[in-house]
Protein chains: 2
Amino acid sequence: MYYSQISKEQLNDECRALRAQYDELVKKELKLDMSRGKPDTEQVSLSDGILETLRSGGDCISENGTDCRNYGVLDGLPEAKKLFSDILDIPPENILVGGCSSLSLMYDEVVRAMLFGVAGGKLPWSAQGKIKFLCPVPGYDRHFAICEHMGIEMINIPMGQDGPDMDMIERYVSEDESVKGIWCVPKYSNPEGTVYSDETVRRFAALKPKADDFRIFWDNAYAVHDLYGEIKLANLFTLAHEYGNDDLPIIFTSTSKISYAGAGLAAMAASKANIDKTKKSLAIQTIGYDKLNQLRHVKYFKNAAGVNEHMKKHAALLRPKFEAVIRAFRDELGPLGVASWSEPRGGYFISLNVVPGCAKRVYELARGAGVTLTTVGATFPYGIDPLDRNLRIAPSYPPVSELKEAVHVLCLCVRLAAAERALSEK
Amino acid sequence: MYYSQISKEQLNDECRALRAQYDELVKKELKLDMSRGKPDTEQVSLSDGILETLRSGGDCISENGTDCRNYGVLDGLPEAKKLFSDILDIPPENILVGGCSSLSLMYDEVVRAMLFGVAGGKLPWSAQGKIKFLCPVPGYDRHFAICEHMGIEMINIPMGQDGPDMDMIERYVSEDESVKGIWCVPKYSNPEGTVYSDETVRRFAALKPKADDFRIFWDNAYAVHDLYGEIKLANLFTLAHEYGNDDLPIIFTSTSKISYAGAGLAAMAASKANIDKTKKSLAIQTIGYDKLNQLRHVKYFKNAAGVNEHMKKHAALLRPKFEAVIRAFRDELGPLGVASWSEPRGGYFISLNVVPGCAKRVYELARGAGVTLTTVGATFPYGIDPLDRNLRIAPSYPPVSELKEAVHVLCLCVRLAAAERALSEK
C-alpha cells in the first residue's frame, strides 16, 4: 500500500488534503444510495409487456385446460415448469414452481427440514441438538439470517477465484455429522460475482457427507444474469446424479431480476425424493400458488431463448453502472493499493475489500457524506466481518450519474480511512 | 325415523324398491361431483375486470409512490391494508396482507409458534412436549391437517346452533395448559354454515387461558359471503380488547371466493404484539409478497362497499344451487326423517347428517352411482367421524342441472342406506 511507504509527514499532508476534500463533499449534502441490490425503474419497465398477457378470462386457461382463476395445481403449471426446466437444464418433473420469492422457498425448505427432516434423513434437524451450516464468505446476508433465526450455527468458508474452499468443505462435510447444509450462490456469487469453476461444481456433486441429511442449498439467483455474454455454470443436478448423489442439491432460482422484483416467479429443482418430501408438507401449507402469474410469465417469455433475449436488455442497462464503479476503483484506488475489488461478468454486486480494519470507518465516512452503503458485516454470518474489510457495492439501482458521484465519494472515504490507519500505525 | 316404524315386510319391500331405483341410476353412468368447495367458472369470471386494472408500468405505482414492480413492503400496501380493514372492521395497522393463500398464513403462523413461540409465550410450542388444539366438529379438514402434520393433538368440540360448545371450550382452555389453540370458522362455518352468536363470540373474547401462549385461530373465510343479505358476525378483535385479551385472536381471511380462488389476496389481523412477532420471522422468510396483485384488487374493488356489491353477484349464482340441494333434502329426505341438514344463509357448504353409522355406506353407494362426495370423516380430526354420519355437500361448482341430478342420487343413497340399516336392526 502506497500510504505505508511514504513518510509520516507526507502521510499527514495526505490525510489533511483528503479530509479537506471530504469536508467539501459533506457540504454538498448528497443523498446517494449504493446499498440496494434491486433493479432500477428502467429495468422493471422492460417487462411491462407481461401486464398485457392476460386480458380476459379466456386468456387464463393453461395449456392442459386448467382455469388458472380457480383452485388447484400444487407445484406449478406444466408450462411454467417447462420454462424453468429450459432455463436450468433440469427435467420439468424435477421442478416445483412456487410463489414470487425464492427466499421463501429456501426458508420454507429449511423449516421443513427443521420440523420434519429431509428425504431419507432419520430425524428432523431440530431434534439433533446443535446443527451447522457452511457459509462461503463473503455471502448473501439473507441466507445467513435464515440460519441465525433457526439457531443453526454458521461456519465461515473462504471464497477463492473458483468458488469456496473445497478442501475445507469436503473436510467438514465428511467428518462432522452436525453439518447439515451449505449456502451457495454458484453463479455471480453475492457479493463477489464469482462463478464456481467446473471443478468446484464437480467436487460439490461428489461430496460424501457424514450426515444422512446434508443438503446443498444452491441458490442460482443469477442463472441468466450475464453482463457480457453467457458464462456457463456446470450443472450440479446432472453431476450429482453421476455420483449417485441425486438428493444432495436443492436448487433455487427466480425471475425477480428478470421480470419484476418480488412479483415474478420462484422455482425449486431437486431429486424426485426431495420434491416428493417437499410436496407432502406443501399440500398442507397451501392449495397452490398463483397460477395466473405463472401463465403471465410463460406467455411473455415463452422459453429460455426468450428469457435470454430479455436479459440482454437488462445487461445493456446494467453494464454502464458496473463499469462506472470499476473504472472509478481502478482510477482512484488502484494506483494507491488501498483496496481490491471484484470485476464480475454478471450478477448484481461488486465486492470491495478495503484495508483490513477499515470497512466500518469507510461506511461511517460515506454515511457522513450522504452515501449509503450496505451495512458492514452484512456479507458475513452474524454480521461479523472478522477482518472488517468487506463492502458490498450494489450498482444497479441509482442512475449512472448519481452512481459516479457516489463511487467517487466512496473512493475518497476508502483513501481517507486507509491514510488515517497508516498514520496511526506510524 | 319412518323406517324403524314400519314392519319388517314393508321394510323389505322398500329396500327392494330403492335398490331397483339405485340400479337404474347406476346404469346411467353418471359422473357428478359435489365434493369441491370452489367457485364455478361463471363466478370467477365475475372478477375478470381485475385483469384490466394494470395495463402499463404507470398503473403499478401505489398511492404512496411505491413501484409495485420492485422489491419492498413486507406486510402489504397501505391501500390493501385499508381494503381488508374496511372488510373486517379492524384498524389497518393491525392488518398484514400476504400472498394468495390464507391457508399458508395459518400454516406459517402455526410453524412460527412451533419454532419460536407466540408473542409473550415463554417457550416455542415444539419445546413443550404434547400440545393440543380444540377443534369444533364438523370442521375444515385443512385446519385439522395442519395440526396432524405438526403432531398437535386434536380434541373434538361439538358444534351447536350458536357455534361450538363454549362450556367445554372454557373448561379446556382454563384448565389445561397444553391447550394452545382452537380452529374456528365463525361465519358460515365449514361445513354447517353456522354463524357464531354474539354471545359465543363474546365468550371467546373473554377466555381466560391457563397457557400464556394460547391463540384463537379465527378463520373468517366467509366474512362477506352472504347468500341472503348481510348477517353480522360480532367483532372478536374489538371484544377481545374489551376483556384485555388483545393477543388472543389471530384473524384470517382471503378473497379466494371473492376474486380468484388461489390467486386472490390473503390477510391476517391481530394485535400489535402478534403482528410484530410475525413480522420478525416474515422478514427472514421473504422480502415481500406480490404487491401487483394487491394493487389489482384495490383498483378493482376499491373498498368494502365495492366488495359487497360484487358479492351480491356471487350470491345470485350460488343461491339457486344451495336451494336446489336443500329443496331436494326437504322433499326426498324430510318426510322420512332419515337425515338432518343445515340450511346456511351463506358460505360454501351444506352439512348433511345421515343415520348414524351410515355415512360411509352412503358415500360408497353414491360413488357406485357416479356421484363424488367429500370423503367421509374429512370434516373431523384424523379423518374419523365418531358417529359415521356427517357428509359435507359442496354445491358451488357443478351447474344447477347436474347438481339436481347429483342430489337426487344422493337422496336415494341416503334412503337406501337408512332402510338397509333399519332392516338389519329388525
# chains A, B, ... in the order shown; residues from 1 in each chain; ligands from 1
call {"tool": "closest_atom_pairs", "arguments": {"of": "chain A", "to": "chain B", "cutoff": "7 Å", "atoms": "only C-alpha atoms", "output": "Markdown table"}}
result
| residue | atom | partner | partner_atom | distance |
| --- | --- | --- | --- | --- |
| A:Lys38 | CA | B:Tyr71 | CA | 6.9 |
| A:Val44 | CA | B:Arg69 | CA | 6.3 |
| A:Ser45 | CA | B:Gly57 | CA | 6.2 |
| A:Asp48 | CA | B:Gly57 | CA | 5.8 |
| A:Leu51 | CA | B:Arg55 | CA | 5.7 |
| A:Glu52 | CA | B:Arg55 | CA | 6.3 |
| A:Leu54 | CA | B:Leu51 | CA | 6.5 |
| A:Arg55 | CA | B:Leu51 | CA | 5.7 |
| A:Ser56 | CA | B:Asp48 | CA | 6.2 |
| A:Gly57 | CA | B:Asp48 | CA | 5.8 |
| A:Arg69 | CA | B:Tyr260 | CA | 5.0 |
| A:Asn70 | CA | B:Ala261 | CA | 4.5 |
| A:Tyr71 | CA | B:Ala261 | CA | 5.1 |
| A:Cys100 | CA | B:Asp290 | CA | 6.6 |
| A:Ser101 | CA | B:Thr286 | CA | 6.5 |
| A:Leu103 | CA | B:Thr286 | CA | 5.7 |
| A:Ser104 | CA | B:Gln285 | CA | 5.0 |
| A:Tyr107 | CA | B:Gln285 | CA | 5.4 |
| A:Arg142 | CA | B:Ile284 | CA | 6.9 |
| A:Ala145 | CA | B:Ile284 | CA | 6.3 |
| A:Ile146 | CA | B:Ile284 | CA | 6.0 |
| A:Tyr260 | CA | B:Arg69 | CA | 5.0 |
| A:Ala261 | CA | B:Asn70 | CA | 4.5 |
| A:Gly262 | CA | B:Tyr71 | CA | 5.2 |
| A:Ala263 | CA | B:Asp290 | CA | 4.7 |
| A:Ile284 | CA | B:Ile146 | CA | 6.0 |
| A:Gln285 | CA | B:Ser104 | CA | 5.0 |
| A:Thr286 | CA | B:Ser104 | CA | 5.3 |
| A:Gly288 | CA | B:Gly262 | CA | 6.4 |
| A:Tyr289 | CA | B:Gly262 | CA | 6.6 |
| A:Asp290 | CA | B:Ala263 | CA | 4.7 |
| A:Lys291 | CA | B:Ala263 | CA | 6.9 |
| A:Leu292 | CA | B:Ala263 | CA | 6.8 |
call {"tool": "calpha_fit_and_write", "arguments": {"fixed": "chain A", "moving": "chain B", "output": "compact mmCIF listing (two decimals) with C-alpha atoms, in the first residue's frame"}}
result
# COMPACT_ATOMS: atom_id res chain seq x y z
CA MET B 1 0.04 -0.05 -0.09
CA TYR B 2 1.31 3.34 -1.10
CA TYR B 3 0.52 4.97 2.27
CA SER B 4 2.76 2.64 4.23
CA GLN B 5 5.67 3.49 1.92
CA ILE B 6 5.70 7.25 2.35
CA SER B 7 7.08 9.28 5.25
CA LYS B 8 5.02 10.29 8.25
CA GLU B 9 5.18 13.89 7.11
CA GLN B 10 3.94 13.05 3.62
CA LEU B 11 1.18 10.95 5.15
CA ASN B 12 0.14 13.80 7.40
CA ASP B 13 -0.13 16.08 4.38
CA GLU B 14 -2.11 13.43 2.50
CA CYS B 15 -4.56 13.00 5.38
CA ARG B 16 -5.04 16.73 5.64
CA ALA B 17 -5.65 17.04 1.88
CA LEU B 18 -8.08 14.12 1.82
CA ARG B 19 -9.91 15.45 4.86
CA ALA B 20 -10.29 18.83 3.14
CA GLN B 21 -11.73 17.16 0.06
CA TYR B 22 -14.04 15.11 2.27
CA ASP B 23 -15.26 18.23 4.08
CA GLU B 24 -16.08 19.82 0.73
CA LEU B 25 -18.14 16.75 -0.20
CA VAL B 26 -20.00 16.81 3.10
CA LYS B 27 -21.07 20.38 2.35
CA LYS B 28 -22.79 19.17 -0.82
CA GLU B 29 -25.35 17.34 1.37
CA LEU B 30 -25.61 14.46 -1.05
CA LYS B 31 -28.19 11.72 -0.67
CA LEU B 32 -26.95 8.72 -2.61
CA ASP B 33 -27.55 5.03 -2.10
CA MET B 34 -25.42 2.10 -3.23
CA SER B 35 -26.91 -0.38 -0.78
CA ARG B 36 -29.91 -1.71 -2.65
CA GLY B 37 -29.49 -4.82 -4.77
CA LYS B 38 -32.57 -4.19 -6.81
CA PRO B 39 -33.31 -3.40 -10.44
CA ASP B 40 -34.02 0.21 -11.36
CA THR B 41 -37.23 1.52 -12.83
CA GLU B 42 -36.00 1.24 -16.42
CA GLN B 43 -35.20 -2.39 -15.80
CA VAL B 44 -38.57 -3.36 -14.36
CA SER B 45 -40.23 -1.44 -17.19
CA LEU B 46 -38.59 -3.84 -19.65
CA SER B 47 -41.16 -6.43 -18.57
CA ASP B 48 -44.30 -4.33 -18.81
CA GLY B 49 -45.49 -6.42 -21.74
CA ILE B 50 -46.24 -9.03 -19.07
CA LEU B 51 -49.19 -6.90 -17.94
CA GLU B 52 -50.86 -7.37 -21.30
CA THR B 53 -50.60 -11.16 -21.49
CA LEU B 54 -53.86 -11.85 -19.65
CA ARG B 55 -56.60 -9.55 -20.89
CA SER B 56 -59.70 -11.66 -20.46
CA GLY B 57 -60.91 -14.82 -18.77
CA GLY B 58 -60.22 -16.78 -21.93
CA ASP B 59 -56.51 -15.99 -21.60
CA CYS B 60 -56.41 -17.62 -18.17
CA ILE B 61 -56.53 -21.23 -19.30
CA SER B 62 -53.32 -23.26 -19.18
CA GLU B 63 -52.17 -25.50 -22.01
CA ASN B 64 -53.71 -28.55 -20.34
CA GLY B 65 -57.03 -26.77 -19.85
CA THR B 66 -56.62 -25.71 -16.21
CA ASP B 67 -58.56 -22.56 -15.39
CA CYS B 68 -55.87 -20.57 -13.58
CA ARG B 69 -58.51 -18.41 -11.92
CA ASN B 70 -59.57 -21.35 -9.80
CA TYR B 71 -58.06 -23.70 -7.20
CA GLY B 72 -55.64 -26.48 -7.96
CA VAL B 73 -52.13 -27.40 -9.14
CA LEU B 74 -49.79 -27.61 -6.18
CA ASP B 75 -46.38 -27.53 -7.80
CA GLY B 76 -46.76 -25.34 -10.85
CA LEU B 77 -48.32 -25.35 -14.30
CA PRO B 78 -46.65 -27.74 -16.77
CA GLU B 79 -45.65 -24.82 -19.01
CA ALA B 80 -44.13 -22.93 -16.07
CA LYS B 81 -42.12 -26.01 -15.10
CA LYS B 82 -41.00 -26.27 -18.71
CA LEU B 83 -39.83 -22.66 -18.70
CA PHE B 84 -37.65 -23.22 -15.62
CA SER B 85 -36.56 -26.59 -16.96
CA ASP B 86 -35.33 -24.78 -20.05
CA ILE B 87 -33.53 -22.11 -18.01
CA LEU B 88 -31.89 -24.52 -15.55
CA ASP B 89 -31.41 -27.50 -17.87
CA ILE B 90 -33.15 -29.80 -15.39
CA PRO B 91 -36.12 -32.05 -16.31
CA PRO B 92 -39.55 -30.45 -15.71
CA GLU B 93 -40.59 -33.28 -13.39
CA ASN B 94 -37.84 -32.17 -11.02
CA ILE B 95 -39.10 -28.62 -10.88
CA LEU B 96 -41.52 -27.04 -8.46
CA VAL B 97 -42.79 -23.56 -9.30
CA GLY B 98 -43.86 -21.66 -6.23
CA GLY B 99 -44.89 -18.11 -5.45
CA CYS B 100 -42.89 -14.98 -6.06
CA SER B 101 -40.01 -15.47 -3.67
CA SER B 102 -37.12 -17.93 -3.91
CA LEU B 103 -36.14 -16.72 -0.44
CA SER B 104 -39.46 -18.11 0.83
CA LEU B 105 -38.81 -21.41 -0.93
CA MET B 106 -35.44 -21.62 0.84
CA TYR B 107 -36.80 -20.55 4.21
CA ASP B 108 -39.68 -23.01 3.92
CA GLU B 109 -37.30 -25.79 2.87
CA VAL B 110 -35.18 -25.17 5.97
CA VAL B 111 -38.34 -25.05 8.13
CA ARG B 112 -39.48 -28.39 6.72
CA ALA B 113 -36.07 -29.92 7.41
CA MET B 114 -36.17 -28.53 10.95
CA LEU B 115 -39.66 -29.86 11.71
CA PHE B 116 -39.88 -33.02 9.62
CA GLY B 117 -36.36 -33.84 8.42
CA VAL B 118 -35.22 -34.23 4.82
CA ALA B 119 -35.93 -37.14 2.47
CA GLY B 120 -34.02 -40.15 3.73
CA GLY B 121 -32.96 -38.40 6.94
CA LYS B 122 -33.73 -40.24 10.16
CA LEU B 123 -34.62 -37.27 12.35
CA PRO B 124 -35.84 -33.70 11.99
CA TRP B 125 -32.92 -31.29 12.14
CA SER B 126 -34.46 -29.69 15.21
CA ALA B 127 -34.29 -33.00 17.07
CA GLN B 128 -30.53 -33.35 16.66
CA GLY B 129 -29.18 -30.77 19.08
CA LYS B 130 -26.74 -28.28 17.63
CA ILE B 131 -26.57 -28.37 13.85
CA LYS B 132 -24.38 -26.37 11.49
CA PHE B 133 -24.35 -24.80 8.06
CA LEU B 134 -21.28 -23.93 6.04
CA CYS B 135 -21.31 -20.37 4.75
CA PRO B 136 -18.98 -19.27 1.98
CA VAL B 137 -17.98 -15.68 2.81
CA PRO B 138 -18.54 -13.02 1.85
CA GLY B 139 -22.06 -14.19 1.06
CA TYR B 140 -25.74 -13.31 1.03
CA ASP B 141 -27.04 -11.83 4.27
CA ARG B 142 -30.52 -13.29 3.89
CA HIS B 143 -29.16 -16.84 3.76
CA PHE B 144 -27.30 -16.22 6.99
CA ALA B 145 -30.38 -14.63 8.55
CA ILE B 146 -32.35 -17.86 7.99
CA CYS B 147 -29.72 -19.87 9.86
CA GLU B 148 -29.46 -17.35 12.67
CA HIS B 149 -33.25 -17.27 13.04
CA MET B 150 -33.37 -21.06 13.27
CA GLY B 151 -30.47 -21.26 15.69
CA ILE B 152 -28.29 -23.08 13.16
CA GLU B 153 -24.60 -22.47 13.82
CA MET B 154 -22.72 -20.99 10.89
CA ILE B 155 -19.15 -21.71 9.86
CA ASN B 156 -17.31 -19.29 7.57
CA ILE B 157 -15.75 -20.81 4.46
CA PRO B 158 -13.44 -18.47 2.52
CA MET B 159 -14.24 -17.78 -1.11
CA GLY B 160 -11.53 -18.03 -3.74
CA GLN B 161 -11.35 -17.37 -7.47
CA ASP B 162 -13.08 -20.67 -8.34
CA GLY B 163 -15.66 -20.68 -5.57
CA PRO B 164 -15.44 -21.58 -1.90
CA ASP B 165 -12.53 -23.49 -0.36
CA MET B 166 -13.46 -27.04 -1.34
CA ASP B 167 -10.80 -28.72 0.80
CA MET B 168 -12.31 -27.17 3.87
CA ILE B 169 -15.86 -27.99 2.75
CA GLU B 170 -15.00 -31.62 2.02
CA ARG B 171 -13.38 -31.95 5.42
CA TYR B 172 -16.31 -30.48 7.34
CA VAL B 173 -18.94 -32.36 5.37
CA SER B 174 -17.24 -35.75 5.54
CA GLU B 175 -16.20 -35.52 9.18
CA ASP B 176 -18.90 -33.62 11.04
CA GLU B 177 -22.35 -35.18 11.22
CA SER B 178 -23.81 -31.99 12.62
CA VAL B 179 -23.05 -30.16 9.37
CA LYS B 180 -26.41 -30.28 7.58
CA GLY B 181 -26.11 -27.77 4.81
CA ILE B 182 -24.23 -25.15 2.86
CA TRP B 183 -25.41 -21.94 1.20
CA CYS B 184 -24.10 -21.34 -2.31
CA VAL B 185 -24.71 -18.65 -4.92
CA PRO B 186 -22.76 -20.51 -7.57
CA LYS B 187 -23.04 -18.08 -10.46
CA TYR B 188 -22.09 -14.43 -9.95
CA SER B 189 -21.93 -15.02 -6.22
CA ASN B 190 -23.31 -12.37 -3.93
CA PRO B 191 -21.33 -10.11 -3.47
CA GLU B 192 -18.16 -11.07 -5.36
CA GLY B 193 -19.66 -12.14 -8.66
CA THR B 194 -17.59 -15.31 -8.68
CA VAL B 195 -18.67 -18.15 -10.95
CA TYR B 196 -17.90 -21.53 -9.41
CA SER B 197 -15.49 -23.42 -11.69
CA ASP B 198 -16.48 -26.73 -13.26
CA GLU B 199 -14.05 -28.45 -10.90
CA THR B 200 -15.69 -26.79 -7.88
CA VAL B 201 -19.17 -27.83 -8.99
CA ARG B 202 -17.92 -31.37 -9.61
CA ARG B 203 -16.46 -31.53 -6.12
CA PHE B 204 -19.82 -30.39 -4.71
CA ALA B 205 -21.51 -33.17 -6.67
CA ALA B 206 -19.04 -35.71 -5.30
CA LEU B 207 -19.30 -34.78 -1.62
CA LYS B 208 -19.55 -37.70 0.78
CA PRO B 209 -21.43 -36.29 3.74
CA LYS B 210 -21.16 -37.92 7.13
CA ALA B 211 -24.76 -36.83 7.83
CA ASP B 212 -27.52 -38.70 6.02
CA ASP B 213 -29.44 -35.44 5.87
CA PHE B 214 -26.92 -32.98 4.45
CA ARG B 215 -28.15 -30.71 1.65
CA ILE B 216 -26.53 -28.21 -0.70
CA PHE B 217 -28.69 -25.07 -0.89
CA TRP B 218 -27.77 -23.96 -4.41
CA ASP B 219 -29.23 -20.51 -4.89
CA ASN B 220 -28.82 -19.97 -8.61
CA ALA B 221 -30.22 -16.45 -8.32
CA TYR B 222 -28.23 -15.12 -11.28
CA ALA B 223 -28.56 -18.06 -13.65
CA VAL B 224 -29.09 -15.88 -16.73
CA HIS B 225 -27.83 -12.57 -15.41
CA ASP B 226 -24.78 -12.20 -17.64
CA LEU B 227 -23.40 -8.74 -18.40
CA TYR B 228 -21.02 -9.78 -21.20
CA GLY B 229 -22.46 -12.84 -22.90
CA GLU B 230 -23.20 -16.19 -21.38
CA ILE B 231 -20.93 -17.84 -18.87
CA LYS B 232 -21.95 -21.44 -18.33
CA LEU B 233 -22.18 -22.82 -14.83
CA ALA B 234 -21.65 -26.57 -14.60
CA ASN B 235 -24.90 -28.46 -13.97
CA LEU B 236 -24.87 -29.63 -10.36
CA PHE B 237 -28.10 -31.56 -10.80
CA THR B 238 -26.64 -33.75 -13.58
CA LEU B 239 -23.24 -34.11 -11.92
CA ALA B 240 -24.77 -35.13 -8.58
CA HIS B 241 -26.60 -37.88 -10.41
CA GLU B 242 -23.28 -39.10 -11.88
CA TYR B 243 -21.97 -39.53 -8.36
CA GLY B 244 -25.16 -41.18 -7.10
CA ASN B 245 -25.76 -38.05 -5.03
CA ASP B 246 -29.13 -37.15 -6.55
CA ASP B 247 -30.61 -35.98 -3.27
CA LEU B 248 -27.75 -33.64 -2.27
CA PRO B 249 -28.61 -30.47 -4.18
CA ILE B 250 -31.68 -28.33 -3.76
CA ILE B 251 -31.58 -25.68 -6.45
CA PHE B 252 -33.39 -22.36 -6.30
CA THR B 253 -33.94 -19.59 -8.77
CA SER B 254 -36.41 -16.81 -9.51
CA THR B 255 -37.36 -14.22 -12.08
CA SER B 256 -37.17 -11.38 -9.56
CA LYS B 257 -34.33 -9.82 -11.53
CA ILE B 258 -35.72 -10.99 -14.89
CA SER B 259 -39.32 -9.76 -14.72
CA TYR B 260 -40.54 -7.98 -11.60
CA ALA B 261 -38.67 -7.99 -8.29
CA GLY B 262 -40.90 -9.63 -5.69
CA ALA B 263 -43.69 -10.18 -8.21
CA GLY B 264 -42.04 -12.69 -10.50
CA LEU B 265 -41.84 -16.47 -10.22
CA ALA B 266 -39.67 -18.56 -7.94
CA ALA B 267 -38.74 -22.18 -8.56
CA MET B 268 -37.01 -25.06 -6.86
CA ALA B 269 -35.36 -28.03 -8.57
CA ALA B 270 -34.37 -31.27 -6.87
CA SER B 271 -34.47 -35.05 -7.01
CA LYS B 272 -37.79 -36.85 -7.04
CA ALA B 273 -37.30 -37.88 -3.42
CA ASN B 274 -36.69 -34.28 -2.37
CA ILE B 275 -39.59 -32.89 -4.40
CA ASP B 276 -41.95 -35.57 -3.10
CA LYS B 277 -40.97 -34.86 0.49
CA THR B 278 -41.48 -31.13 -0.06
CA LYS B 279 -44.83 -31.63 -1.73
CA LYS B 280 -46.05 -33.69 1.21
CA SER B 281 -45.74 -30.66 3.48
CA LEU B 282 -46.62 -28.15 0.80
CA ALA B 283 -49.99 -29.85 0.29
CA ILE B 284 -50.73 -29.02 3.93
CA GLN B 285 -49.44 -25.45 3.61
CA THR B 286 -51.34 -24.38 0.50
CA ILE B 287 -53.79 -25.43 -2.18
CA GLY B 288 -51.46 -23.95 -4.74
CA TYR B 289 -49.52 -20.86 -5.77
CA ASP B 290 -50.78 -18.10 -8.05
CA LYS B 291 -51.09 -19.78 -11.45
CA LEU B 292 -52.11 -16.58 -13.24
CA ASN B 293 -48.68 -15.12 -12.62
CA GLN B 294 -47.15 -18.34 -13.93
CA LEU B 295 -49.22 -18.06 -17.07
CA ARG B 296 -48.27 -14.40 -17.51
CA HIS B 297 -44.60 -15.27 -17.39
CA VAL B 298 -44.86 -18.17 -19.80
CA LYS B 299 -46.91 -16.19 -22.28
CA TYR B 300 -44.45 -13.31 -22.13
CA PHE B 301 -41.08 -15.10 -22.12
CA LYS B 302 -42.10 -18.33 -23.86
CA ASN B 303 -38.81 -20.17 -23.26
CA ALA B 304 -35.18 -19.79 -22.23
CA ALA B 305 -34.34 -18.14 -25.55
CA GLY B 306 -36.98 -15.50 -24.83
CA VAL B 307 -35.54 -14.98 -21.36
CA ASN B 308 -32.01 -14.69 -22.75
CA GLU B 309 -33.06 -12.07 -25.28
CA HIS B 310 -34.74 -10.18 -22.47
CA MET B 311 -31.66 -10.42 -20.27
CA LYS B 312 -29.59 -8.69 -22.94
CA LYS B 313 -31.73 -5.59 -22.37
CA HIS B 314 -31.07 -5.78 -18.63
CA ALA B 315 -27.36 -6.18 -19.35
CA ALA B 316 -27.35 -3.11 -21.56
CA LEU B 317 -28.76 -1.07 -18.68
CA LEU B 318 -26.55 -2.60 -16.01
CA ARG B 319 -23.18 -2.66 -17.81
CA PRO B 320 -22.55 1.10 -17.70
CA LYS B 321 -23.24 1.05 -13.98
CA PHE B 322 -20.86 -1.77 -13.20
CA GLU B 323 -18.28 -0.17 -15.46
CA ALA B 324 -18.62 3.23 -13.80
CA VAL B 325 -17.91 1.69 -10.40
CA ILE B 326 -15.03 -0.44 -11.59
CA ARG B 327 -13.47 2.39 -13.58
CA ALA B 328 -13.52 4.62 -10.51
CA PHE B 329 -12.00 1.88 -8.37
CA ARG B 330 -9.26 1.33 -10.95
CA ASP B 331 -8.54 5.03 -11.37
CA GLU B 332 -8.89 6.27 -7.81
CA LEU B 333 -7.94 3.27 -5.70
CA GLY B 334 -5.82 1.10 -7.99
CA PRO B 335 -2.62 3.19 -8.07
CA LEU B 336 -2.62 3.47 -4.26
CA GLY B 337 -3.10 -0.21 -3.52
CA VAL B 338 -5.63 0.67 -0.79
CA ALA B 339 -8.30 -1.80 -1.87
CA SER B 340 -9.06 -4.78 -4.03
CA TRP B 341 -12.37 -5.48 -5.72
CA SER B 342 -14.16 -7.98 -7.89
CA GLU B 343 -14.91 -7.26 -11.52
CA PRO B 344 -17.96 -9.46 -12.11
CA ARG B 345 -19.20 -10.53 -15.52
CA GLY B 346 -22.78 -10.63 -14.23
CA GLY B 347 -25.00 -10.62 -11.18
CA TYR B 348 -25.90 -7.64 -9.04
CA PHE B 349 -22.94 -6.79 -6.83
CA ILE B 350 -19.33 -5.77 -6.67
CA SER B 351 -17.30 -6.76 -3.65
CA LEU B 352 -14.82 -4.21 -2.35
CA ASN B 353 -12.14 -5.16 0.16
CA VAL B 354 -10.57 -2.14 1.81
CA VAL B 355 -7.59 -2.08 4.15
CA PRO B 356 -8.34 -4.59 6.95
CA GLY B 357 -9.86 -2.91 9.97
CA CYS B 358 -11.20 -0.03 7.87
CA ALA B 359 -14.56 -1.13 6.47
CA LYS B 360 -16.62 0.26 9.33
CA ARG B 361 -14.69 3.51 9.17
CA VAL B 362 -15.32 3.76 5.42
CA TYR B 363 -19.01 3.09 5.99
CA GLU B 364 -19.22 5.84 8.60
CA LEU B 365 -17.28 8.31 6.47
CA ALA B 366 -19.49 7.58 3.46
CA ARG B 367 -22.59 7.99 5.57
CA GLY B 368 -21.28 11.30 6.82
CA ALA B 369 -21.00 12.41 3.21
CA GLY B 370 -24.52 11.26 2.35
CA VAL B 371 -23.69 7.95 0.70
CA THR B 372 -25.51 4.86 1.99
CA LEU B 373 -23.63 1.58 1.72
CA THR B 374 -24.71 -1.93 2.73
CA THR B 375 -24.06 -2.33 6.46
CA VAL B 376 -20.56 -3.60 7.10
CA GLY B 377 -20.64 -7.22 8.20
CA ALA B 378 -23.88 -7.95 6.33
CA THR B 379 -21.96 -10.22 4.00
CA PHE B 380 -20.87 -12.44 6.91
CA PRO B 381 -22.69 -14.74 9.36
CA TYR B 382 -23.83 -12.97 12.51
CA GLY B 383 -23.01 -9.65 10.79
CA ILE B 384 -19.36 -10.00 11.75
CA ASP B 385 -16.66 -9.47 9.16
CA PRO B 386 -13.64 -10.88 11.03
CA LEU B 387 -11.25 -8.66 9.07
CA ASP B 388 -13.56 -5.64 8.95
CA ARG B 389 -12.67 -5.06 5.33
CA ASN B 390 -15.56 -6.10 3.05
CA LEU B 391 -18.07 -3.74 1.49
CA ARG B 392 -20.87 -4.85 -0.81
CA ILE B 393 -21.50 -2.40 -3.61
CA ALA B 394 -24.89 -2.51 -5.33
CA PRO B 395 -24.64 -0.48 -8.54
CA SER B 396 -28.01 -1.39 -10.10
CA TYR B 397 -30.50 1.04 -8.61
CA PRO B 398 -29.11 4.60 -8.85
CA PRO B 399 -28.85 6.34 -12.22
CA VAL B 400 -25.31 6.34 -13.69
CA SER B 401 -24.75 10.01 -12.90
CA GLU B 402 -25.60 9.53 -9.21
CA LEU B 403 -23.64 6.35 -9.10
CA LYS B 404 -20.53 8.11 -10.41
CA GLU B 405 -20.86 10.75 -7.75
CA ALA B 406 -21.44 8.16 -5.04
CA VAL B 407 -18.51 6.00 -6.05
CA HIS B 408 -16.22 9.01 -6.11
CA VAL B 409 -17.24 9.78 -2.54
CA LEU B 410 -16.71 6.15 -1.63
CA CYS B 411 -13.21 6.13 -3.14
CA LEU B 412 -12.28 9.22 -1.22
CA CYS B 413 -13.54 7.62 2.00
CA VAL B 414 -11.54 4.46 1.27
CA ARG B 415 -8.41 6.53 0.72
CA LEU B 416 -8.97 8.66 3.80
CA ALA B 417 -9.58 5.64 6.02
CA ALA B 418 -6.47 3.94 4.65
CA ALA B 419 -4.33 7.02 5.14
CA GLU B 420 -5.62 7.51 8.70
CA ARG B 421 -4.89 3.89 9.47
CA ALA B 422 -1.38 4.06 7.99
CA LEU B 423 -0.70 7.21 10.00
CA SER B 424 -1.84 5.58 13.23
CA GLU B 425 0.58 2.75 12.57
CA LYS B 426 3.63 4.97 11.90
call {"tool": "select_by_dssp", "arguments": {"residues": "stretch 115-337 of chain A", "states": "alpha helix (DSSP H)", "output": "ChimeraX atom specification"}}
result
/A:115-116,141-150,166-175,198-205,236-242,272-285,291-301,304-328
call {"tool": "select_by_dssp", "arguments": {"residues": "stretch 51-167 of chain A", "states": "strand (DSSP E)", "output": "VMD selection string"}}
result
chain A and resid 95 to 97 132 to 137 153 to 160 163 to 164
